[in-house]
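Visitor: Just one file: my_file.cif, with mmCIF, C-alpha atoms.
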data_structure
#
loop_
_atom_site.group_PDB
_atom_site.id
_atom_site.type_symbol
_atom_site.label_atom_id
_atom_site.label_comp_id
_atom_site.auth_asym_id
_atom_site.auth_seq_id
_atom_site.Cartn_x
_atom_site.Cartn_y
_atom_site.Cartn_z
ATOM 1 C CA MET A 1 -9.706 -37.365 -40.802
ATOM 2 C CA HIS A 2 -11.912 -35.844 -43.481
ATOM 3 C CA LEU A 3 -12.302 -32.088 -43.483
ATOM 4 C CA SER A 4 -14.809 -30.015 -45.345
ATOM 5 C CA ARG A 5 -14.520 -26.292 -44.770
ATOM 6 C CA ARG A 6 -15.903 -23.459 -46.831
ATOM 7 C CA MET A 7 -13.124 -21.561 -48.502
ATOM 8 C CA ALA A 8 -13.630 -18.192 -46.852
ATOM 9 C CA VAL A 9 -12.667 -15.015 -48.708
ATOM 10 C CA THR A 10 -11.847 -11.736 -46.973
ATOM 11 C CA ALA A 11 -10.708 -8.395 -48.338
ATOM 12 C CA ALA A 12 -6.925 -8.310 -48.625
ATOM 13 C CA ALA A 13 -4.878 -6.344 -46.141
ATOM 14 C CA ALA A 14 -1.838 -4.386 -47.238
ATOM 15 C CA LEU A 15 0.776 -6.845 -48.406
ATOM 16 C CA LEU A 16 3.899 -6.943 -46.289
ATOM 17 C CA LEU A 17 4.576 -10.558 -47.046
ATOM 18 C CA ALA A 18 7.228 -10.719 -49.694
ATOM 19 C CA SER A 19 9.992 -10.121 -47.187
ATOM 20 C CA CYS A 20 8.550 -11.775 -44.088
ATOM 21 C CA GLY A 21 8.023 -15.455 -43.455
ATOM 22 C CA GLY A 22 4.936 -17.166 -42.149
ATOM 23 C CA GLY A 23 6.495 -17.906 -38.775
ATOM 24 C CA SER A 24 9.541 -20.096 -38.139
ATOM 25 C CA ASP A 25 12.629 -19.104 -40.158
ATOM 26 C CA GLY A 26 14.168 -22.589 -40.225
ATOM 27 C CA PRO A 27 12.962 -26.118 -40.797
ATOM 28 C CA THR A 28 10.037 -27.286 -38.711
ATOM 29 C CA ASP A 29 10.551 -29.969 -36.105
ATOM 30 C CA ASP A 30 9.635 -32.878 -38.397
ATOM 31 C CA GLY A 31 13.013 -32.395 -40.062
ATOM 32 C CA GLN A 32 11.498 -31.279 -43.362
ATOM 33 C CA ASN A 33 10.376 -27.838 -44.442
ATOM 34 C CA SER A 34 8.721 -27.841 -47.856
ATOM 35 C CA ALA A 35 8.353 -24.042 -47.692
ATOM 36 C CA LEU A 36 12.063 -23.624 -48.353
ATOM 37 C CA LYS A 37 11.704 -24.660 -52.000
ATOM 38 C CA PHE A 38 9.595 -21.545 -52.641
ATOM 39 C CA LYS A 39 10.557 -17.873 -52.607
ATOM 40 C CA GLY A 40 8.883 -14.612 -51.632
ATOM 41 C CA GLU A 41 5.145 -14.632 -50.977
ATOM 42 C CA PRO A 42 4.702 -18.316 -51.936
ATOM 43 C CA ARG A 43 7.308 -19.268 -49.318
ATOM 44 C CA ALA A 44 5.548 -17.177 -46.669
ATOM 45 C CA ALA A 45 2.216 -18.841 -47.490
ATOM 46 C CA ALA A 46 3.770 -22.317 -47.499
ATOM 47 C CA GLN A 47 5.444 -21.621 -44.148
ATOM 48 C CA THR A 48 2.061 -20.967 -42.566
ATOM 49 C CA ILE A 49 0.991 -24.484 -43.579
ATOM 50 C CA GLU A 50 4.225 -25.972 -42.236
ATOM 51 C CA ASP A 51 3.610 -24.105 -38.971
ATOM 52 C CA PHE A 52 0.043 -25.431 -38.899
ATOM 53 C CA ALA A 53 1.278 -29.033 -39.063
ATOM 54 C CA THR A 54 3.923 -28.301 -36.415
ATOM 55 C CA ALA A 55 1.316 -26.798 -34.107
ATOM 56 C CA ILE A 56 -0.931 -29.843 -34.526
ATOM 57 C CA ARG A 57 1.942 -32.200 -33.677
ATOM 58 C CA GLY A 58 2.681 -30.087 -30.594
ATOM 59 C CA LYS A 59 -1.011 -29.771 -29.685
ATOM 60 C CA ASP A 60 -0.530 -26.007 -29.673
ATOM 61 C CA TRP A 61 -4.163 -25.088 -30.220
ATOM 62 C CA LYS A 62 -3.634 -21.529 -29.026
ATOM 63 C CA ARG A 63 -1.083 -20.913 -31.764
ATOM 64 C CA ILE A 64 -3.399 -22.306 -34.433
ATOM 65 C CA CYS A 65 -6.269 -20.083 -33.353
ATOM 66 C CA ASN A 66 -4.353 -16.890 -32.589
ATOM 67 C CA GLU A 67 -1.499 -16.949 -35.088
ATOM 68 C CA LEU A 68 -2.379 -19.225 -38.007
ATOM 69 C CA TYR A 69 -6.129 -18.761 -38.528
ATOM 70 C CA SER A 70 -7.627 -15.600 -39.944
ATOM 71 C CA ALA A 71 -10.023 -13.760 -37.642
ATOM 72 C CA GLU A 72 -12.969 -14.986 -39.698
ATOM 73 C CA GLU A 73 -11.845 -18.611 -39.606
ATOM 74 C CA ARG A 74 -11.198 -18.356 -35.854
ATOM 75 C CA ASP A 75 -14.725 -17.080 -35.303
ATOM 76 C CA LEU A 76 -16.145 -19.797 -37.554
ATOM 77 C CA GLN A 77 -14.375 -22.532 -35.599
ATOM 78 C CA LYS A 78 -15.680 -21.118 -32.347
ATOM 79 C CA GLY A 79 -19.212 -21.053 -33.660
ATOM 80 C CA LEU A 80 -19.408 -24.623 -34.985
ATOM 81 C CA ILE A 81 -19.583 -26.825 -31.912
ATOM 82 C CA ALA A 82 -17.255 -25.728 -29.139
ATOM 83 C CA ASP A 83 -17.297 -22.679 -26.895
ATOM 84 C CA SER A 84 -13.909 -21.561 -28.174
ATOM 85 C CA CYS A 85 -11.682 -22.029 -31.209
ATOM 86 C CA GLU A 86 -9.129 -23.904 -29.096
ATOM 87 C CA GLU A 87 -11.736 -26.414 -27.937
ATOM 88 C CA GLU A 88 -12.829 -26.973 -31.530
ATOM 89 C CA VAL A 89 -9.355 -27.565 -33.017
ATOM 90 C CA ASP A 90 -8.584 -29.979 -30.189
ATOM 91 C CA ARG A 91 -10.184 -32.553 -32.512
ATOM 92 C CA TYR A 92 -6.774 -32.781 -34.191
ATOM 93 C CA ALA A 93 -5.268 -34.280 -31.036
ATOM 94 C CA ASP A 94 -4.875 -37.728 -32.610
ATOM 95 C CA LEU A 95 -2.705 -36.413 -35.468
ATOM 96 C CA ASP A 96 0.542 -36.719 -33.511
ATOM 97 C CA ASN A 97 2.614 -37.550 -36.590
ATOM 98 C CA LEU A 98 0.973 -35.284 -39.139
ATOM 99 C CA THR A 99 3.223 -33.920 -41.877
ATOM 100 C CA LEU A 100 2.079 -31.598 -44.635
ATOM 101 C CA THR A 101 4.274 -31.173 -47.688
ATOM 102 C CA VAL A 102 3.408 -28.141 -49.806
ATOM 103 C CA THR A 103 3.340 -29.081 -53.475
ATOM 104 C CA ASN A 104 2.025 -25.879 -55.054
ATOM 105 C CA VAL A 105 1.268 -22.274 -54.111
ATOM 106 C CA THR A 106 -0.840 -19.941 -56.244
ATOM 107 C CA ILE A 107 -1.223 -16.253 -55.360
ATOM 108 C CA GLU A 108 -4.257 -14.552 -56.900
ATOM 109 C CA ARG A 109 -5.120 -10.867 -56.828
ATOM 110 C CA SER A 110 -8.588 -9.970 -58.025
ATOM 111 C CA GLY A 111 -11.458 -7.675 -57.176
ATOM 112 C CA ARG A 112 -14.342 -5.588 -58.403
ATOM 113 C CA VAL A 113 -14.639 -1.982 -59.517
ATOM 114 C CA GLN A 114 -18.175 -0.616 -59.225
ATOM 115 C CA THR A 115 -19.226 2.323 -61.370
ATOM 116 C CA THR A 116 -22.197 4.415 -62.401
ATOM 117 C CA THR A 117 -22.745 5.447 -66.021
ATOM 118 C CA ALA A 118 -23.820 8.718 -67.568
ATOM 119 C CA SER A 119 -27.158 7.113 -68.418
ATOM 120 C CA GLY A 120 -27.810 6.418 -64.732
ATOM 121 C CA GLY A 121 -27.029 2.726 -64.797
ATOM 122 C CA GLU A 122 -24.594 0.700 -62.726
ATOM 123 C CA ALA A 123 -21.754 -1.271 -64.310
ATOM 124 C CA ASP A 124 -19.385 -3.579 -62.465
ATOM 125 C CA PHE A 125 -15.957 -4.696 -63.630
ATOM 126 C CA ASP A 126 -14.240 -7.832 -62.376
ATOM 127 C CA VAL A 127 -10.507 -7.139 -62.344
ATOM 128 C CA HIS A 128 -7.521 -9.448 -62.179
ATOM 129 C CA ASN A 129 -3.859 -8.640 -61.673
ATOM 130 C CA GLU A 130 -1.669 -10.061 -64.415
ATOM 131 C CA GLY A 131 2.028 -9.243 -64.582
ATOM 132 C CA GLY A 132 1.580 -6.375 -62.131
ATOM 133 C CA LEU A 133 -1.229 -4.768 -64.148
ATOM 134 C CA TRP A 134 -4.906 -4.596 -63.214
ATOM 135 C CA LEU A 135 -6.921 -5.880 -66.168
ATOM 136 C CA ILE A 136 -10.633 -6.321 -66.817
ATOM 137 C CA ASP A 137 -11.643 -9.957 -66.446
ATOM 138 C CA GLY A 138 -15.430 -9.664 -66.710
ATOM 139 C CA THR A 139 -18.306 -7.192 -66.709
ATOM 140 C CA SER A 140 -21.876 -7.061 -65.481
ATOM 141 C CA GLY A 141 -24.646 -4.505 -65.222
ATOM 142 C CA ASP A 142 -25.910 -1.751 -67.511
ATOM 143 C CA PHE A 143 -23.585 -0.777 -70.358
ATOM 144 C CA THR A 144 -26.017 1.444 -72.246
ATOM 145 C CA ALA A 145 -24.172 4.364 -73.817
ATOM 146 C CA LYS A 146 -25.651 7.870 -73.578
ATOM 147 C CA ALA A 147 -25.298 10.352 -76.414
ATOM 148 C CA GLY A 148 -22.764 13.029 -75.546
ATOM 149 C CA ALA A 149 -21.322 11.131 -72.595
ATOM 150 C CA GLU A 150 -17.687 11.831 -71.810
ATOM 151 C CA PRO A 151 -15.226 9.841 -69.689
ATOM 152 C CA THR A 152 -14.799 11.465 -66.280
ATOM 153 C CA GLY A 153 -11.212 10.394 -65.661
ATOM 154 C CA GLU A 154 -11.723 10.987 -61.956
ATOM 155 C CA THR A 155 -9.783 8.330 -60.066
ATOM 156 C CA PRO A 156 -11.109 7.851 -56.506
ATOM 157 C CA SER A 157 -8.828 8.219 -53.538
ATOM 158 C CA GLY A 158 -7.458 5.041 -51.995
ATOM 159 C CA SER A 159 -4.423 2.814 -51.898
ATOM 160 C CA GLY A 160 -2.120 2.466 -54.883
ATOM 161 C CA ALA A 161 -3.651 -0.858 -55.921
ATOM 162 C CA GLU A 162 -7.203 0.486 -55.663
ATOM 163 C CA ALA A 163 -6.315 3.567 -57.694
ATOM 164 C CA ASP A 164 -4.582 1.417 -60.320
ATOM 165 C CA ALA A 165 -7.619 -0.852 -60.662
ATOM 166 C CA ALA A 166 -9.943 2.142 -60.981
ATOM 167 C CA ARG A 167 -7.624 3.741 -63.514
ATOM 168 C CA ALA A 168 -7.790 0.641 -65.714
ATOM 169 C CA VAL A 169 -11.581 0.945 -65.865
ATOM 170 C CA LEU A 170 -11.485 4.676 -66.607
ATOM 171 C CA THR A 171 -8.818 4.168 -69.276
ATOM 172 C CA PHE A 172 -11.144 1.583 -70.798
ATOM 173 C CA ASP A 173 -13.886 4.222 -71.092
ATOM 174 C CA GLN A 174 -11.464 6.748 -72.604
ATOM 175 C CA ALA A 175 -10.317 4.180 -75.161
ATOM 176 C CA ILE A 176 -13.955 3.648 -76.172
ATOM 177 C CA ALA A 177 -14.318 7.418 -76.650
ATOM 178 C CA ASP A 178 -11.181 7.395 -78.821
ATOM 179 C CA GLU A 179 -12.395 4.302 -80.701
ATOM 180 C CA ASP A 180 -9.037 2.812 -79.826
ATOM 181 C CA TRP A 181 -10.033 -0.834 -79.803
ATOM 182 C CA ALA A 182 -6.455 -2.069 -79.516
ATOM 183 C CA THR A 183 -6.151 -0.256 -76.187
ATOM 184 C CA VAL A 184 -9.512 -1.641 -75.065
ATOM 185 C CA CYS A 185 -8.201 -5.128 -75.764
ATOM 186 C CA SER A 186 -4.937 -4.430 -73.944
ATOM 187 C CA LEU A 187 -7.000 -3.672 -70.820
ATOM 188 C CA TYR A 188 -8.601 -7.122 -70.911
ATOM 189 C CA SER A 189 -7.209 -10.116 -69.089
ATOM 190 C CA GLU A 190 -5.882 -12.907 -71.289
ATOM 191 C CA GLU A 191 -9.026 -14.961 -70.706
ATOM 192 C CA ARG A 192 -11.339 -12.034 -71.432
ATOM 193 C CA ARG A 193 -9.429 -11.204 -74.612
ATOM 194 C CA ALA A 194 -10.031 -14.703 -75.916
ATOM 195 C CA GLU A 195 -13.807 -14.417 -75.499
ATOM 196 C CA GLY A 196 -16.126 -13.480 -78.337
ATOM 197 C CA PHE A 197 -16.825 -15.024 -81.715
ATOM 198 C CA ASP A 198 -15.030 -12.312 -83.690
ATOM 199 C CA GLY A 199 -12.139 -11.985 -81.289
ATOM 200 C CA CYS A 200 -10.635 -8.789 -79.993
ATOM 201 C CA PRO A 201 -10.592 -5.989 -81.185
ATOM 202 C CA ALA A 202 -13.539 -6.722 -83.507
ATOM 203 C CA GLN A 203 -15.645 -7.927 -80.590
ATOM 204 C CA ALA A 204 -14.758 -4.863 -78.495
ATOM 205 C CA GLU A 205 -15.905 -2.544 -81.280
ATOM 206 C CA GLU A 206 -19.142 -4.479 -81.643
ATOM 207 C CA ASP A 207 -19.795 -4.318 -77.898
ATOM 208 C CA TYR A 208 -18.880 -0.681 -77.256
ATOM 209 C CA GLY A 209 -18.975 1.087 -80.623
ATOM 210 C CA GLN A 210 -21.974 3.173 -79.501
ATOM 211 C CA GLY A 211 -19.702 5.508 -77.534
ATOM 212 C CA PRO A 212 -18.226 5.995 -74.054
ATOM 213 C CA LEU A 213 -20.255 5.157 -70.976
ATOM 214 C CA GLY A 214 -19.308 8.185 -68.914
ATOM 215 C CA LEU A 215 -18.129 6.020 -66.020
ATOM 216 C CA SER A 216 -17.726 7.275 -62.478
ATOM 217 C CA VAL A 217 -16.055 4.874 -60.049
ATOM 218 C CA THR A 218 -18.072 4.476 -56.857
ATOM 219 C CA ASN A 219 -16.259 1.653 -55.097
ATOM 220 C CA VAL A 220 -13.201 -0.582 -55.429
ATOM 221 C CA GLU A 221 -12.879 -3.869 -53.557
ATOM 222 C CA LEU A 222 -9.696 -5.864 -54.033
ATOM 223 C CA LYS A 223 -8.666 -9.163 -52.534
ATOM 224 C CA THR A 224 -5.546 -11.255 -52.413
ATOM 225 C CA GLU A 225 -5.544 -14.924 -51.501
ATOM 226 C CA ALA A 226 -3.235 -17.875 -51.761
ATOM 227 C CA THR A 227 -4.213 -21.428 -52.620
ATOM 228 C CA VAL A 228 -1.787 -23.943 -51.143
ATOM 229 C CA SER A 229 -1.910 -27.595 -52.194
ATOM 230 C CA THR A 230 -0.373 -30.197 -49.892
ATOM 231 C CA ARG A 231 0.066 -33.912 -49.454
ATOM 232 C CA THR A 232 0.260 -35.690 -46.117
ATOM 233 C CA GLY A 233 2.632 -38.364 -44.916
ATOM 234 C CA LYS A 234 0.066 -40.983 -45.924
ATOM 235 C CA GLY A 235 -0.311 -39.558 -49.401
ATOM 236 C CA ASP A 236 -3.645 -37.850 -48.835
ATOM 237 C CA GLY A 237 -4.259 -34.332 -50.094
ATOM 238 C CA ALA A 238 -5.510 -31.115 -48.518
ATOM 239 C CA THR A 239 -5.923 -27.657 -50.019
ATOM 240 C CA PHE A 240 -5.746 -24.454 -47.987
ATOM 241 C CA THR A 241 -6.925 -20.935 -48.752
ATOM 242 C CA LEU A 242 -4.933 -18.172 -47.068
ATOM 243 C CA VAL A 243 -5.387 -14.415 -46.851
ATOM 244 C CA PRO A 244 -2.956 -11.677 -45.778
ATOM 245 C CA GLU A 245 -3.852 -10.399 -42.341
ATOM 246 C CA GLY A 246 -1.707 -8.651 -39.753
ATOM 247 C CA GLY A 247 1.383 -8.718 -41.966
ATOM 248 C CA ARG A 248 1.389 -12.466 -42.619
ATOM 249 C CA TRP A 249 -0.568 -15.203 -44.350
ATOM 250 C CA ARG A 250 -3.352 -16.776 -42.306
ATOM 251 C CA ILE A 251 -5.553 -19.777 -43.016
ATOM 252 C CA SER A 252 -9.088 -18.781 -44.043
ATOM 253 C CA GLY A 253 -10.368 -22.178 -45.153
ATOM 254 C CA TYR A 254 -9.320 -25.707 -46.051
ATOM 255 C CA GLY A 255 -10.614 -28.998 -47.324
ATOM 256 C CA GLY A 256 -9.344 -32.479 -47.979
ATOM 257 C CA THR A 257 -8.145 -35.411 -45.925
ATOM 258 C CA PHE A 258 -5.639 -35.409 -43.104
ATOM 259 C CA GLY A 259 -3.938 -38.556 -41.889
ATOM 260 C CA ASP A 260 -0.875 -39.345 -39.786
#
What does this structure look like when you write it as C-alpha cells?
Guide:
Amino acid sequence: MHLSRRMAVTAAAALLLASCGGGSDGPTDDGQNSALKFKGEPRAAAQTIEDFATAIRGKDWKRICNELYSAEERDLQKGLIADSCEEEVDRYADLDNLTLTVTNVTIERSGRVQTTTASGGEADFDVHNEGGLWLIDGTSGDFTAKAGAEPTGETPSGSGAEADAARAVLTFDQAIADEDWATVCSLYSEERRAEGFDGCPAQAEEDYGQGPLGLSVTNVELKTEATVSTRTGKGDGATFTLVPEGGRWRISGYGGTFGD
C-alpha cells in the first residue's frame, strides 16, 4: 500500500515527553518493540509508531484517530474521502500482519523570531536549537541599520524556550553594537557559521558593521517535531512526522510504502 501524505507541521506544545512513553510500556503484541532500543524522547516517539502498527493489526481505528494522530491529521483524514477519520483509516484493514521497525528518530526544535528595527523595517530570524541553545540559523527581511539606533534588550513575555530564543536575537543586536563579532558568530548555528566567502567573524563584520539594528521582538513561534524512519516486515520503508500534543507524540504526517 503506497501512502503519500503531506508532512504537516504544527506549533509545538509544552514538552512533557522525556519521561512518558508513547503508549504501551512493554513490547507490542507482535513480540518485538523497536522503541526499546531508544531512550527519552526518541523512545516516546518510536513507541507511537509501534502503537500505530499494533492498532492497525487490531483494526483499532478509534485508537489511531483519537490517540495516535494529531488533531490536524485527524481532521485531514476526515476531510479526504470519508465522513469520519475512522472510516478513512479503515483502508488499512488488509494489513493484518503489518510490523514497523523504527530505525532512526530525529528530534528537531526550530522556529522563527519576528522583529521590527529602529529604521521601521521588519527582520525575521530562523532559529534552531543546538545543544540546548537557541541559535540563529537564517535571516530574512530588512536589515538596514539606523544611525544612533540602540539595542532594546526587551525580552517579550512567554515560555522559557520563547524567551531564550528571543534573547538570542537581542544578544545578537547587542554584540553588533559592541562590534563583538566573535559573539555574533557564537550565536549562529553551525550551518550558518559556515556560510559566507570570508567566513565568520569576517563575514559578520561585513554584513553588520554599519551598527546595531535596534531590534524589538514582536513574535516568537517555536516548533518541535520528530522524524521517525521505519522499515516494514517486507523491507519497505515509511517515514513519519510527529509533533508533541497532549503530553505525548502524535502522528502529523507520513509517507512511504506499507506492506504486510
Visitor: Taking 2 positions as the minimum chain separation for residues in the same chain, which residues sit within 9 Å of range 143-150 of chain A when counting only C-alpha atoms? Answer as a PyMOL selection string.
Guide: chain A and resi 117-119+121-123+140-141+152+173-174+177+208+210-215
Visitor: In terms of the shortest atom-to-atom distance over all atoms listed in the file, which of A:Arg250, A:Lys234, A:Arg91, A:His128 is closest to Glu191 in chain A?
Guide: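 That would be A:His128, the residue with the smallest distance to Glu191 in chain A.
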Visitor: Which residues come within 12 Å of Leu68 in chain A, counting all atoms listed in the file, excluding same-chain residues fewer than 3 positions away, as an MDAnalysis selection string?
Guide: chainID A and resid 22:24 44:56 60:65 71:74 85 89 240:253
Visitor: Keeping C-alpha atoms, export the residues of the selection given above as a PDB file, keeping the file's coordinate frame.
Guide:
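Contents of again_39.pdb, as written:
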ATOM      1  CA  GLY A  22       4.936 -17.166 -42.149  1.00  0.00           C
ATOM      2  CA  GLY A  23       6.495 -17.906 -38.775  1.00  0.00           C
ATOM      3  CA  SER A  24       9.541 -20.096 -38.139  1.00  0.00           C
ATOM      4  CA  ALA A  44       5.548 -17.177 -46.669  1.00  0.00           C
ATOM      5  CA  ALA A  45       2.216 -18.841 -47.490  1.00  0.00           C
ATOM      6  CA  ALA A  46       3.770 -22.317 -47.499  1.00  0.00           C
ATOM      7  CA  GLN A  47       5.444 -21.621 -44.148  1.00  0.00           C
ATOM      8  CA  THR A  48       2.061 -20.967 -42.566  1.00  0.00           C
ATOM      9  CA  ILE A  49       0.991 -24.484 -43.579  1.00  0.00           C
ATOM     10  CA  GLU A  50       4.225 -25.972 -42.236  1.00  0.00           C
ATOM     11  CA  ASP A  51       3.610 -24.105 -38.971  1.00  0.00           C
ATOM     12  CA  PHE A  52       0.043 -25.431 -38.899  1.00  0.00           C
ATOM     13  CA  ALA A  53       1.278 -29.033 -39.063  1.00  0.00           C
ATOM     14  CA  THR A  54       3.923 -28.301 -36.415  1.00  0.00           C
ATOM     15  CA  ALA A  55       1.316 -26.798 -34.107  1.00  0.00           C
ATOM     16  CA  ILE A  56      -0.931 -29.843 -34.526  1.00  0.00           C
ATOM     17  CA  ASP A  60      -0.530 -26.007 -29.673  1.00  0.00           C
ATOM     18  CA  TRP A  61      -4.163 -25.088 -30.220  1.00  0.00           C
ATOM     19  CA  LYS A  62      -3.634 -21.529 -29.026  1.00  0.00           C
ATOM     20  CA  ARG A  63      -1.083 -20.913 -31.764  1.00  0.00           C
ATOM     21  CA  ILE A  64      -3.399 -22.306 -34.433  1.00  0.00           C
ATOM     22  CA  CYS A  65      -6.269 -20.083 -33.353  1.00  0.00           C
ATOM     23  CA  ALA A  71     -10.023 -13.760 -37.642  1.00  0.00           C
ATOM     24  CA  GLU A  72     -12.969 -14.986 -39.698  1.00  0.00           C
ATOM     25  CA  GLU A  73     -11.845 -18.611 -39.606  1.00  0.00           C
ATOM     26  CA  ARG A  74     -11.198 -18.356 -35.854  1.00  0.00           C
ATOM     27  CA  CYS A  85     -11.682 -22.029 -31.209  1.00  0.00           C
ATOM     28  CA  VAL A  89      -9.355 -27.565 -33.017  1.00  0.00           C
ATOM     29  CA  PHE A 240      -5.746 -24.454 -47.987  1.00  0.00           C
ATOM     30  CA  THR A 241      -6.925 -20.935 -48.752  1.00  0.00           C
ATOM     31  CA  LEU A 242      -4.933 -18.172 -47.068  1.00  0.00           C
ATOM     32  CA  VAL A 243      -5.387 -14.415 -46.851  1.00  0.00           C
ATOM     33  CA  PRO A 244      -2.956 -11.677 -45.778  1.00  0.00           C
ATOM     34  CA  GLU A 245      -3.852 -10.399 -42.341  1.00  0.00           C
ATOM     35  CA  GLY A 246      -1.707  -8.651 -39.753  1.00  0.00           C
ATOM     36  CA  GLY A 247       1.383  -8.718 -41.966  1.00  0.00           C
ATOM     37  CA  ARG A 248       1.389 -12.466 -42.619  1.00  0.00           C
ATOM     38  CA  TRP A 249      -0.568 -15.203 -44.350  1.00  0.00           C
ATOM     39  CA  ARG A 250      -3.352 -16.776 -42.306  1.00  0.00           C
ATOM     40  CA  ILE A 251      -5.553 -19.777 -43.016  1.00  0.00           C
ATOM     41  CA  SER A 252      -9.088 -18.781 -44.043  1.00  0.00           C
ATOM     42  CA  GLY A 253     -10.368 -22.178 -45.153  1.00  0.00           C
TER      43      GLY A 253
END
Visitor: Let me know the centre plus edge lengths, in Å and rounded to one decimal, of a box with edges along x, y and z that contains all listed atoms of range 113-120 of chain A and is padded by 8 Å on every side, as lines of an AutoDock Vina configuration file.
Guide:
center_x = -21.2
center_y = 3.4
center_z = -63.8
size_x = 29.2
size_y = 26.7
size_z = 25.2
Visitor: Of the candidates A:Ser186, A:Thr103, A:Gln203, A:Thr257, which one gets nearest to Leu36 in chain A if we count all atoms listed in the file?
Guide: A:Thr103
Visitor: Point out the residue among A:Trp134, A:Phe258, A:Phe125, A:Phe172 with the least atom-to-atom distance to Glu108 in chain A, counting all atoms listed in the file.
Guide: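 The closest residue to Glu108 in chain A is A:Trp134.
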Visitor: Please report the interatomic distance between CA of Arg193 in chain A and CA of Asn104 in chain A in Å with one decimal.
Guide: 27.0 Å
Visitor: Any idea what the distance is between CA of Gly111 in chain A and CA of Gly131 in chain A?
Guide: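 Taking CA of Gly111 in chain A as the start and CA of Gly131 in chain A as the end point, the length is 15.5 Å.
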Visitor: Let me know the residues the PyMOL selection byres ((chain A and resi 218) around 6) catches in the file above, as a PyMOL selection string.
Guide: chain A and resi 114-115+217+219
Visitor: What is the CA of Thr239 in chain A-CA of Leu222 in chain A distance in Å, reported with one decimal?
Guide: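 So the answer is 22.5 Å.
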Visitor: Which is closest to Thr171 in chain A among A:Glu87, A:Asp94, A:Glu221, A:Glu154, if we use only C-alpha atoms?
Guide: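 That would be A:Glu154, the residue with the smallest distance to Thr171 in chain A.
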